[in-house]
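What follows is the content of query.csv, which has CSV, C-alpha atoms:
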```
chain,number,residue,atom,x,y,z
R,109,MET,CA,13.7,19.0,12.0
R,110,ALA,CA,16.4,21.6,12.7
R,111,LEU,CA,14.6,24.8,13.6
R,112,THR,CA,16.1,27.8,15.3
R,113,ASN,CA,14.4,28.7,18.5
R,114,GLN,CA,12.0,25.8,18.7
R,115,PRO,CA,10.1,25.5,22.1
R,116,LEU,CA,9.7,22.0,23.4
R,117,THR,CA,6.3,22.6,25.0
R,118,ARG,CA,3.2,24.8,24.7
R,119,ALA,CA,4.3,26.6,27.9
R,120,ASP,CA,7.5,27.8,26.2
R,121,ALA,CA,5.8,29.3,23.1
R,122,LYS,CA,5.1,33.0,22.9
R,123,VAL,CA,1.5,34.1,23.0
R,124,MET,CA,0.8,35.8,19.6
R,125,ASN,CA,-2.2,37.4,18.0
R,126,ARG,CA,-4.5,35.4,15.7
R,127,TYR,CA,-5.2,38.1,13.2
R,128,ASP,CA,-1.5,39.1,13.0
R,129,ILE,CA,-0.2,35.6,12.3
R,130,THR,CA,-3.1,34.8,10.0
R,131,LYS,CA,-2.1,37.9,8.0
R,132,ARG,CA,1.5,36.8,8.0
R,133,LEU,CA,0.4,33.4,6.7
R,134,VAL,CA,-1.7,34.7,3.8
R,135,ASP,CA,0.9,37.2,2.8
R,136,MET,CA,3.4,34.3,2.3
R,137,LEU,CA,1.1,32.3,0.1
R,138,HIS,CA,1.8,32.2,-3.7
R,139,HIS,CA,-1.9,32.5,-4.6
R,140,ASP,CA,-2.7,28.9,-5.4
R,141,GLU,CA,-2.6,27.3,-2.0
R,142,ALA,CA,-6.0,26.1,-0.6
R,143,VAL,CA,-6.8,27.3,2.9
R,144,ILE,CA,-9.6,25.7,5.0
R,145,GLY,CA,-10.9,27.8,7.9
R,146,GLY,CA,-12.4,25.9,10.8
R,147,ILE,CA,-15.3,27.5,12.6
R,148,GLY,CA,-15.2,30.4,15.0
R,149,TYR,CA,-12.7,33.2,15.3
R,150,THR,CA,-10.1,31.2,13.3
R,151,ASN,CA,-12.4,31.4,10.4
R,152,PHE,CA,-13.3,35.1,10.9
R,153,ASP,CA,-9.7,36.2,11.0
R,154,LEU,CA,-8.9,34.3,7.9
R,155,TRP,CA,-11.7,36.2,6.2
R,156,ALA,CA,-10.5,39.4,7.7
R,157,ALA,CA,-6.8,38.8,6.7
R,158,CYS,CA,-7.9,38.3,3.1
R,159,GLY,CA,-10.5,41.1,3.0
R,160,GLY,CA,-13.0,38.4,2.0
R,161,LYS,CA,-11.4,38.3,-1.4
R,162,ARG,CA,-9.2,35.1,-1.6
R,163,PRO,CA,-11.1,32.5,-3.7
R,164,GLN,CA,-8.8,29.6,-2.6
R,165,ASN,CA,-10.2,29.8,0.9
R,166,PHE,CA,-13.0,27.6,2.2
R,167,TYR,CA,-15.0,28.8,5.3
R,168,MET,CA,-16.8,26.2,7.4
R,169,LEU,CA,-20.1,27.4,9.0
R,170,GLY,CA,-20.5,24.4,11.3
R,171,SER,CA,-19.2,20.8,11.4
R,172,MET,CA,-16.9,21.7,14.2
R,173,GLY,CA,-13.6,19.8,14.1
R,174,LEU,CA,-13.7,19.0,10.4
R,175,ALA,CA,-11.2,21.5,9.0
R,176,VAL,CA,-8.5,18.9,9.0
R,177,PRO,CA,-10.5,16.2,7.3
R,178,ILE,CA,-11.8,18.6,4.6
R,179,ALA,CA,-8.3,19.8,4.0
R,180,LEU,CA,-7.0,16.2,3.8
R,181,GLY,CA,-9.7,15.5,1.1
R,182,VAL,CA,-8.6,18.5,-0.9
R,183,ALA,CA,-5.0,17.5,-0.5
R,184,LEU,CA,-5.7,13.9,-1.7
R,185,ALA,CA,-7.7,15.1,-4.7
R,186,GLN,CA,-5.1,17.7,-5.8
R,187,PRO,CA,-1.7,16.4,-4.7
R,188,GLN,CA,0.2,19.2,-6.6
R,189,ARG,CA,-1.5,21.9,-4.5
R,190,LYS,CA,-0.4,22.9,-1.0
R,191,VAL,CA,-3.4,22.8,1.4
R,192,PHE,CA,-3.6,24.5,4.8
R,193,ALA,CA,-6.1,23.8,7.6
R,194,LEU,CA,-6.6,26.5,10.2
R,195,GLU,CA,-8.2,25.1,13.3
R,196,GLY,CA,-8.8,26.1,16.9
R,197,ASP,CA,-7.7,24.1,19.9
R,198,GLY,CA,-11.3,23.4,20.9
R,199,SER,CA,-12.0,22.2,17.4
R,200,ILE,CA,-9.0,19.9,17.0
R,201,LEU,CA,-9.7,18.4,20.5
R,202,MET,CA,-13.0,17.2,19.0
R,203,GLN,CA,-11.3,15.3,16.2
R,204,LEU,CA,-7.9,14.1,17.4
R,205,GLY,CA,-8.3,10.9,15.4
R,206,ALA,CA,-8.0,13.0,12.2
R,207,LEU,CA,-4.3,13.6,13.0
R,208,SER,CA,-3.5,9.9,12.9
R,209,THR,CA,-5.4,9.6,9.6
R,210,VAL,CA,-3.4,12.5,8.2
R,211,ALA,CA,-0.2,10.8,9.3
R,212,SER,CA,-1.2,7.4,7.9
R,213,ARG,CA,-2.0,8.9,4.5
R,214,ALA,CA,1.4,10.7,4.6
R,215,ALA,CA,-0.3,13.8,3.0
R,216,LYS,CA,2.8,15.6,1.8
R,217,ASN,CA,1.0,18.7,0.7
R,218,LEU,CA,-0.9,19.3,3.9
R,219,CYS,CA,-0.1,21.8,6.7
R,220,ILE,CA,-2.2,22.1,9.8
R,221,VAL,CA,-2.1,25.4,11.8
R,222,ILE,CA,-3.6,25.3,15.3
R,223,MET,CA,-4.7,28.5,16.8
R,224,ASP,CA,-4.5,27.7,20.5
R,225,ASN,CA,-5.8,30.2,23.0
R,226,GLY,CA,-6.8,27.6,25.6
R,227,ALA,CA,-10.4,28.7,25.4
R,228,TYR,CA,-13.7,28.3,23.7
R,229,GLN,CA,-13.5,32.1,23.0
R,230,ILE,CA,-16.6,32.5,20.9
R,231,THR,CA,-18.8,31.0,23.6
R,232,GLY,CA,-17.5,33.0,26.5
R,233,GLY,CA,-13.9,31.9,27.1
R,234,GLN,CA,-14.5,28.7,28.9
R,235,LYS,CA,-11.2,26.8,29.3
R,236,THR,CA,-10.2,24.0,26.9
R,237,GLN,CA,-8.1,21.1,27.9
R,238,THR,CA,-5.0,22.7,26.3
R,239,GLU,CA,-5.2,25.3,29.1
R,240,MET,CA,-5.1,22.4,31.6
R,241,GLY,CA,-2.1,20.4,30.2
R,242,ALA,CA,-3.0,18.9,26.9
R,243,ASP,CA,-0.3,19.7,24.3
R,244,ILE,CA,-1.5,19.6,20.7
R,245,VAL,CA,2.0,19.4,19.2
R,246,ALA,CA,2.9,16.5,21.4
R,247,ILE,CA,-0.4,14.8,20.5
R,248,ALA,CA,0.3,15.4,16.8
R,249,LYS,CA,3.8,13.9,17.1
R,250,ALA,CA,2.4,10.9,19.0
R,251,SER,CA,-0.2,10.5,16.2
R,252,GLY,CA,2.5,10.2,13.7
R,253,ILE,CA,2.9,13.7,12.3
R,254,ALA,CA,6.7,13.9,12.8
R,255,GLN,CA,7.0,17.5,11.6
R,256,SER,CA,5.0,19.1,14.3
R,257,ALA,CA,6.3,22.1,16.2
R,258,TRP,CA,5.3,25.0,18.4
R,259,ALA,CA,6.0,28.4,16.8
R,260,ALA,CA,8.3,30.1,19.3
R,261,ASP,CA,7.3,33.6,18.1
R,262,GLU,CA,6.3,35.4,14.9
R,263,ASP,CA,9.6,34.9,13.2
R,264,ALA,CA,9.6,31.2,14.0
R,265,PHE,CA,6.0,31.0,12.7
R,266,ALA,CA,7.1,32.5,9.4
R,267,GLU,CA,10.1,30.2,9.2
R,268,LEU,CA,7.8,27.2,9.7
R,269,ILE,CA,5.3,28.3,7.1
R,270,ALA,CA,8.1,28.9,4.6
R,271,ARG,CA,9.4,25.4,5.2
R,272,SER,CA,5.9,23.9,4.9
R,273,LEU,CA,5.6,25.7,1.5
R,274,LYS,CA,8.8,24.2,0.2
R,275,GLU,CA,9.2,20.9,1.9
R,276,ASP,CA,7.0,17.8,2.1
R,277,GLY,CA,4.6,17.4,5.0
R,278,PRO,CA,2.4,16.7,6.6
R,279,TRP,CA,3.1,19.6,9.0
R,280,LEU,CA,1.4,20.8,12.1
R,281,ILE,CA,2.3,24.2,13.5
R,282,GLY,CA,1.1,25.0,17.0
R,283,CYS,CA,0.5,28.7,17.7
R,284,ARG,CA,-0.4,30.1,21.1
R,285,ILE,CA,-2.6,33.1,20.6
R,286,ASP,CA,-4.2,35.7,22.8
R,287,ALA,CA,-7.9,36.5,23.4
R,288,GLY,CA,-8.0,39.3,20.8
R,289,LYS,CA,-11.3,39.7,19.0
R,290,PRO,CA,-11.4,38.9,15.3
R,291,LYS,CA,-11.2,41.8,12.9
R,292,ASP,CA,-14.3,40.9,10.8
R,293,THR,CA,-17.0,38.3,10.4
R,294,THR,CA,-17.2,35.8,7.6
R,295,GLU,CA,-20.2,36.2,5.2
R,296,ARG,CA,-22.5,33.2,5.8
R,297,ASP,CA,-23.6,32.1,2.3
R,298,PRO,CA,-22.6,28.5,2.1
R,299,VAL,CA,-23.3,27.9,-1.6
R,300,LYS,CA,-21.4,31.1,-2.6
R,301,ILE,CA,-18.5,30.0,-0.3
R,302,ARG,CA,-18.3,26.6,-1.9
R,303,GLU,CA,-18.7,27.8,-5.5
R,304,THR,CA,-16.0,30.5,-5.1
R,305,PHE,CA,-13.7,28.0,-3.5
R,306,MET,CA,-14.2,25.4,-6.3
R,307,ARG,CA,-13.5,28.1,-8.9
R,308,GLY,CA,-10.5,29.2,-6.9
R,309,ILE,CA,-9.0,25.7,-7.0
R,310,ALA,CA,-9.8,25.2,-10.6
R,311,VAL,CA,-12.8,22.9,-10.3
R,312,THR,CA,-15.7,24.3,-12.3
C,70,MET,CA,-30.3,-12.3,-17.9
C,71,ALA,CA,-29.8,-13.4,-14.3
C,72,GLU,CA,-27.3,-11.4,-12.3
C,73,SER,CA,-24.2,-13.4,-11.8
C,74,ARG,CA,-22.4,-10.9,-9.6
C,75,ALA,CA,-22.7,-10.6,-5.8
C,76,TRP,CA,-24.1,-7.4,-4.4
C,77,HIS,CA,-20.7,-6.0,-3.4
C,78,GLU,CA,-19.3,-6.7,-6.9
C,79,ILE,CA,-22.2,-4.8,-8.5
C,80,VAL,CA,-21.6,-1.8,-6.1
C,81,ARG,CA,-17.9,-1.8,-6.8
C,82,ASP,CA,-18.5,-1.9,-10.6
C,83,VAL,CA,-21.1,0.9,-10.5
C,84,LEU,CA,-18.8,3.1,-8.4
C,85,LYS,CA,-16.0,2.6,-11.0
C,86,GLN,CA,-18.4,3.4,-13.9
C,87,HIS,CA,-19.2,6.8,-12.2
C,88,ASN,CA,-15.6,7.5,-11.3
C,89,VAL,CA,-16.2,7.4,-7.6
C,90,SER,CA,-12.6,6.6,-6.7
C,91,LEU,CA,-12.2,7.7,-3.1
C,92,VAL,CA,-13.7,5.4,-0.4
C,93,THR,CA,-13.5,6.3,3.3
C,94,TYR,CA,-15.0,4.0,5.8
C,95,VAL,CA,-15.4,2.8,9.3
C,96,PRO,CA,-15.5,-0.9,8.9
C,97,ASP,CA,-18.3,-3.4,9.4
C,98,ASN,CA,-18.5,-7.1,9.0
C,99,VAL,CA,-21.2,-7.0,6.4
C,100,LEU,CA,-19.2,-4.5,4.4
C,101,ARG,CA,-16.1,-6.6,4.5
C,102,PRO,CA,-16.4,-8.2,1.0
C,103,LEU,CA,-17.1,-4.8,-0.5
C,104,ILE,CA,-14.2,-3.2,1.2
C,105,GLN,CA,-11.9,-6.1,0.2
C,106,GLY,CA,-13.0,-5.8,-3.4
C,107,ILE,CA,-12.3,-2.1,-3.4
C,108,GLU,CA,-9.0,-2.2,-1.6
C,109,SER,CA,-7.7,-4.9,-4.0
C,110,ASP,CA,-8.6,-2.7,-7.1
C,111,PRO,CA,-6.0,0.0,-7.8
C,112,PHE,CA,-8.7,2.2,-9.3
C,113,PHE,CA,-9.8,3.1,-5.7
C,114,THR,CA,-8.1,5.0,-2.9
C,115,ALA,CA,-9.7,3.5,0.1
C,116,PHE,CA,-8.9,3.8,3.8
C,117,ALA,CA,-10.4,3.5,7.3
C,118,CYS,CA,-11.1,6.7,9.3
C,119,THR,CA,-11.3,7.1,13.0
C,120,ARG,CA,-14.9,8.4,12.9
C,121,GLU,CA,-17.7,8.6,10.3
C,122,GLU,CA,-17.8,12.4,10.4
C,123,GLU,CA,-14.1,12.5,9.6
C,124,ALA,CA,-14.8,10.2,6.6
C,125,ILE,CA,-17.6,12.6,5.5
C,126,GLY,CA,-15.3,15.6,5.8
C,127,ILE,CA,-12.6,14.0,3.7
C,128,THR,CA,-15.0,13.1,0.9
C,129,ALA,CA,-16.5,16.6,1.1
C,130,GLY,CA,-13.1,18.2,0.6
C,131,ALA,CA,-12.2,15.8,-2.2
C,132,TRP,CA,-15.5,16.4,-4.0
C,133,MET,CA,-14.8,20.2,-3.9
C,134,ALA,CA,-11.4,19.5,-5.3
C,135,GLY,CA,-12.7,17.3,-8.2
C,136,THR,CA,-12.6,13.7,-6.9
C,137,ARG,CA,-15.8,11.8,-6.2
C,138,GLY,CA,-16.0,9.7,-3.1
C,139,ILE,CA,-18.3,7.6,-1.0
C,140,VAL,CA,-18.5,6.8,2.8
C,141,MET,CA,-19.2,3.3,4.1
C,142,MET,CA,-20.3,2.6,7.6
C,143,GLN,CA,-22.7,0.7,9.8
C,144,THR,CA,-26.0,1.9,11.3
C,145,SER,CA,-24.5,3.1,14.6
C,146,GLY,CA,-21.9,5.1,12.7
C,147,PHE,CA,-24.6,6.9,10.7
C,148,ALA,CA,-26.1,8.0,14.0
C,149,THR,CA,-23.0,10.2,14.6
C,150,LEU,CA,-23.6,12.2,11.4
C,151,PRO,CA,-26.6,14.5,11.7
C,152,ASN,CA,-24.5,17.6,12.6
C,153,VAL,CA,-22.1,17.3,9.7
C,154,LEU,CA,-24.8,16.5,7.2
C,155,ALA,CA,-26.9,19.4,8.4
C,156,SER,CA,-24.1,22.0,8.6
C,157,LEU,CA,-21.8,20.9,5.8
C,158,ASN,CA,-23.1,18.7,3.0
C,159,VAL,CA,-26.7,20.0,2.8
C,160,PRO,CA,-26.2,23.8,3.1
C,161,PHE,CA,-23.1,23.9,1.0
C,162,GLN,CA,-24.6,21.5,-1.6
C,163,ILE,CA,-21.7,19.1,-1.4
C,164,PRO,CA,-23.2,15.7,-2.2
C,165,ALA,CA,-22.4,12.9,0.3
C,166,LEU,CA,-22.7,9.4,-1.0
C,167,MET,CA,-23.2,6.9,1.8
C,168,ILE,CA,-23.5,3.2,2.1
C,169,VAL,CA,-24.8,2.0,5.4
C,170,SER,CA,-25.0,-1.7,6.4
C,171,GLU,CA,-28.2,-2.1,8.3
C,172,ARG,CA,-28.1,-3.5,11.8
C,173,GLY,CA,-30.9,-3.4,14.3
C,174,THR,CA,-33.5,-5.4,12.4
C,175,LEU,CA,-34.4,-8.8,11.0
C,176,GLY,CA,-32.6,-10.8,13.6
C,177,GLU,CA,-30.7,-8.2,15.7
C,178,PHE,CA,-29.3,-9.6,18.9
C,179,ASN,CA,-28.1,-6.3,20.5
C,180,ILE,CA,-30.9,-4.0,21.8
C,181,GLY,CA,-28.6,-1.0,21.4
C,182,GLN,CA,-28.2,-1.6,17.7
C,183,ALA,CA,-32.0,-2.1,17.4
C,184,LEU,CA,-32.7,1.3,19.0
C,185,VAL,CA,-30.0,3.3,17.2
C,186,ALA,CA,-31.3,1.9,13.9
C,187,ARG,CA,-34.7,3.5,14.6
C,188,THR,CA,-33.0,7.0,14.4
C,189,MET,CA,-31.5,6.5,10.9
C,190,ARG,CA,-34.4,7.0,8.5
C,191,PRO,CA,-36.0,9.9,10.4
C,192,VAL,CA,-32.7,11.7,10.3
C,193,LEU,CA,-32.3,11.1,6.6
C,194,ASP,CA,-35.9,12.2,6.0
C,195,SER,CA,-35.6,15.3,8.1
C,196,LEU,CA,-32.7,16.4,6.0
C,197,ALA,CA,-34.5,15.5,2.7
C,198,ILE,CA,-31.7,13.1,1.8
C,199,GLU,CA,-32.5,10.6,-1.0
C,200,THR,CA,-32.5,7.2,0.7
C,201,HIS,CA,-32.8,3.7,-0.8
C,202,THR,CA,-33.0,0.5,1.1
C,203,LEU,CA,-31.3,-2.2,-1.1
C,204,THR,CA,-33.2,-5.5,-0.6
C,205,ARG,CA,-33.0,-7.3,-4.0
C,206,LEU,CA,-29.9,-8.2,-6.0
C,207,ASP,CA,-31.6,-7.4,-9.3
C,208,GLU,CA,-32.3,-3.8,-8.2
C,209,VAL,CA,-28.8,-2.9,-6.9
C,210,GLU,CA,-27.3,-1.8,-10.1
C,211,PHE,CA,-30.3,0.4,-11.2
C,212,ILE,CA,-30.7,2.0,-7.8
C,213,VAL,CA,-27.0,2.8,-7.2
C,214,ASP,CA,-26.4,3.9,-10.8
C,215,ARG,CA,-29.4,6.2,-11.0
C,216,SER,CA,-28.9,7.6,-7.5
C,217,ILE,CA,-25.3,8.6,-8.2
C,218,VAL,CA,-26.4,10.3,-11.4
C,219,GLN,CA,-29.0,12.2,-9.4
C,220,ALA,CA,-26.6,13.1,-6.6
C,221,VAL,CA,-24.1,14.6,-9.0
C,222,ALA,CA,-26.7,16.4,-11.1
C,223,THR,CA,-28.6,17.9,-8.1
C,224,LYS,CA,-25.6,18.3,-5.7
C,225,ALA,CA,-27.8,16.4,-3.2
C,226,SER,CA,-26.6,13.6,-0.9
C,227,ALA,CA,-27.8,10.0,-1.3
C,228,CYS,CA,-27.8,7.1,1.2
C,229,PHE,CA,-27.9,3.4,0.3
C,230,ILE,CA,-29.0,1.2,3.2
C,231,LEU,CA,-27.9,-2.4,2.7
C,232,SER,CA,-30.7,-4.6,4.1
C,233,PRO,CA,-30.1,-8.0,5.6
C,234,LEU,CA,-32.5,-9.2,2.9
C,235,LEU,CA,-29.7,-8.4,0.4
C,236,THR,CA,-26.6,-9.1,2.4
C,237,GLY,CA,-27.7,-11.8,4.9
C,238,GLY,CA,-26.8,-9.4,7.7
C,239,LYS,CA,-25.0,-10.3,10.8
C,240,VAL,CA,-26.2,-13.6,12.2
C,241,PHE,CA,-26.8,-14.2,15.8
C,242,ALA,CA,-24.2,-16.6,17.2
C,243,LYS,CA,-24.6,-17.9,20.8
```
What would the structure in this file look like if it were written as structure tokens?
Amino acid sequence: MALTNQPLTRADAKVMNRYDITKRLVDMLHHDEAVIGGIGYTNFDLWAACGGKRPQNFYMLGSMGLAVPIALGVALAQPQRKVFALEGDGSILMQLGALSTVASRAAKNLCIVIMDNGAYQITGGQKTQTEMGADIVAIAKASGIAQSAWAADEDAFAELIARSLKEDGPWLIGCRIDAGKPKDTTERDPVKIRETFMRGIAVT
Amino acid sequence: MAESRAWHEIVRDVLKQHNVSLVTYVPDNVLRPLIQGIESDPFFTAFACTREEEAIGITAGAWMAGTRGIVMMQTSGFATLPNVLASLNVPFQIPALMIVSERGTLGEFNIGQALVARTMRPVLDSLAIETHTLTRLDEVEFIVDRSIVQAVATKASACFILSPLLTGGKVFAK
């Protein structure tokens, strides 16, 4: 894909802030897109960026690594709706096979956003393998998701999100992020989360 | 009237009656005729996943978005699922329908399979998941039909264990 200012590797991408780019993402949505928040700070900043108010969001409370499979299930069931999965580097490293499943299903309406700070931040900042050489965008491409790219900076992130909203996927957008703390904490009421989400995506 | 269909034809038909159209699986030899029957029927969307918990995640997302699904796996695959069932399906009240082909008993030749099989029912019981072991052809339709009705009505998961008594299982070959 022809993108301006596209870094080839993780090392070339600017380190951004998770809350800031999550806010940029939700501000670009048209209201009806589903967003699945993986566990940890990825999830907390999705909640924070929406003030806890966006009913098309689903927040996991466990099941580490399953944001992409859950998002794929939503995307398959509602092919007219764009679906985003927000997942951390530690989480996606647990479920790399899901990337090849997404590719093999050719899920046109799915976009995966990886928040990569190279650390298990919520458990004390232990390094993940992305900090030691693993490149999630390269893994995604090798798994068959051709439209995978690192976001060079905030403007490039916005450009990639805009394209993912307009053009067929599946997409994977890699984002290097800093160790900033999340702005809020997700409410932990699973049935309320699920019922709100189902109403938000028109399943009563 | 005597049942003329094979177990896997009954299961396929009951899934269709209940509009369970998404089938995610990690394959197994005993499941092969069921998977073949489903994949040759355009009613179903069926595909293999890389792990059983991935398959559960996909059907959970699909169920929330209005499509009913079921996960098929073998016993050792079920052993990878306690975390996702306990942290996703059960607390969020997202019913997981599962079909497990039972290894580890009635002629098992692999001690590892025999041991992992011992963990399955205690896990299901500890999560209060409705579980039925299918042993008789004349009970398959009733059990699967009623259990899907219950899973949908109560938003609670259900697991069907396919006994070698029903399927013949995997036979020891020297």
Within 8 Å of chain R: residues of chain C, using all atoms listed in the file, as a PDB file with C-alpha atoms, in the frame of the given file:
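Done, and the output landed in out33.pdb:
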```
ATOM      1  CA  CYS C 118     -11.100   6.700   9.300  1.00  0.00           C
ATOM      2  CA  THR C 119     -11.300   7.100  13.000  1.00  0.00           C
ATOM      3  CA  ARG C 120     -14.900   8.400  12.900  1.00  0.00           C
ATOM      4  CA  GLU C 122     -17.800  12.400  10.400  1.00  0.00           C
ATOM      5  CA  GLU C 123     -14.100  12.500   9.600  1.00  0.00           C
ATOM      6  CA  ALA C 124     -14.800  10.200   6.600  1.00  0.00           C
ATOM      7  CA  GLY C 126     -15.300  15.600   5.800  1.00  0.00           C
ATOM      8  CA  ILE C 127     -12.600  14.000   3.700  1.00  0.00           C
ATOM      9  CA  THR C 128     -15.000  13.100   0.900  1.00  0.00           C
ATOM     10  CA  ALA C 129     -16.500  16.600   1.100  1.00  0.00           C
ATOM     11  CA  GLY C 130     -13.100  18.200   0.600  1.00  0.00           C
ATOM     12  CA  ALA C 131     -12.200  15.800  -2.200  1.00  0.00           C
ATOM     13  CA  TRP C 132     -15.500  16.400  -4.000  1.00  0.00           C
ATOM     14  CA  MET C 133     -14.800  20.200  -3.900  1.00  0.00           C
ATOM     15  CA  ALA C 134     -11.400  19.500  -5.300  1.00  0.00           C
ATOM     16  CA  GLY C 135     -12.700  17.300  -8.200  1.00  0.00           C
ATOM     17  CA  THR C 136     -12.600  13.700  -6.900  1.00  0.00           C
ATOM     18  CA  ASN C 152     -24.500  17.600  12.600  1.00  0.00           C
ATOM     19  CA  VAL C 153     -22.100  17.300   9.700  1.00  0.00           C
ATOM     20  CA  SER C 156     -24.100  22.000   8.600  1.00  0.00           C
ATOM     21  CA  LEU C 157     -21.800  20.900   5.800  1.00  0.00           C
ATOM     22  CA  PRO C 160     -26.200  23.800   3.100  1.00  0.00           C
ATOM     23  CA  PHE C 161     -23.100  23.900   1.000  1.00  0.00           C
ATOM     24  CA  GLN C 162     -24.600  21.500  -1.600  1.00  0.00           C
TER      25      GLN C 162
END
```
Residues within 12 Å of range 107-111 of chain C, all atoms listed in the file, excluding chain neighbours under 6 positions, as a list in words
His77, Glu78, Ile79, Val80, Arg81, Asp82, Val83, Leu84, Lys85, Val89, Ser90, Leu91, Val92, Thr93, Tyr94, Leu100, Arg101, Ala117, Ile139 and Met141 of chain C
Restrict the selected residues to C-alpha atoms and save them as a compact mmCIF listing (two decimals), in the frame of the given file.
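Below is the file result.txt, written as the result:
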```txt
# COMPACT_ATOMS: atom_id res chain seq x y z
CA HIS C 77 -20.70 -6.00 -3.40
CA GLU C 78 -19.30 -6.70 -6.90
CA ILE C 79 -22.20 -4.80 -8.50
CA VAL C 80 -21.60 -1.80 -6.10
CA ARG C 81 -17.90 -1.80 -6.80
CA ASP C 82 -18.50 -1.90 -10.60
CA VAL C 83 -21.10 0.90 -10.50
CA LEU C 84 -18.80 3.10 -8.40
CA LYS C 85 -16.00 2.60 -11.00
CA VAL C 89 -16.20 7.40 -7.60
CA SER C 90 -12.60 6.60 -6.70
CA LEU C 91 -12.20 7.70 -3.10
CA VAL C 92 -13.70 5.40 -0.40
CA THR C 93 -13.50 6.30 3.30
CA TYR C 94 -15.00 4.00 5.80
CA LEU C 100 -19.20 -4.50 4.40
CA ARG C 101 -16.10 -6.60 4.50
CA ALA C 117 -10.40 3.50 7.30
CA ILE C 139 -18.30 7.60 -1.00
CA MET C 141 -19.20 3.30 4.10
```
One decimal, Å: what's the distance from CA of Met189 in chain C over to CA of Ala155 in chain C, could you say?
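If I compute the distance from CA of Met189 in chain C to CA of Ala155 in chain C, I get 13.9 Å.
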Work out how far apart CA of Asn88 in chain C and CA of Arg137 in chain C are and give it in Å to one decimal.
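Rounded to one decimal, the two atoms are 6.7 Å apart.
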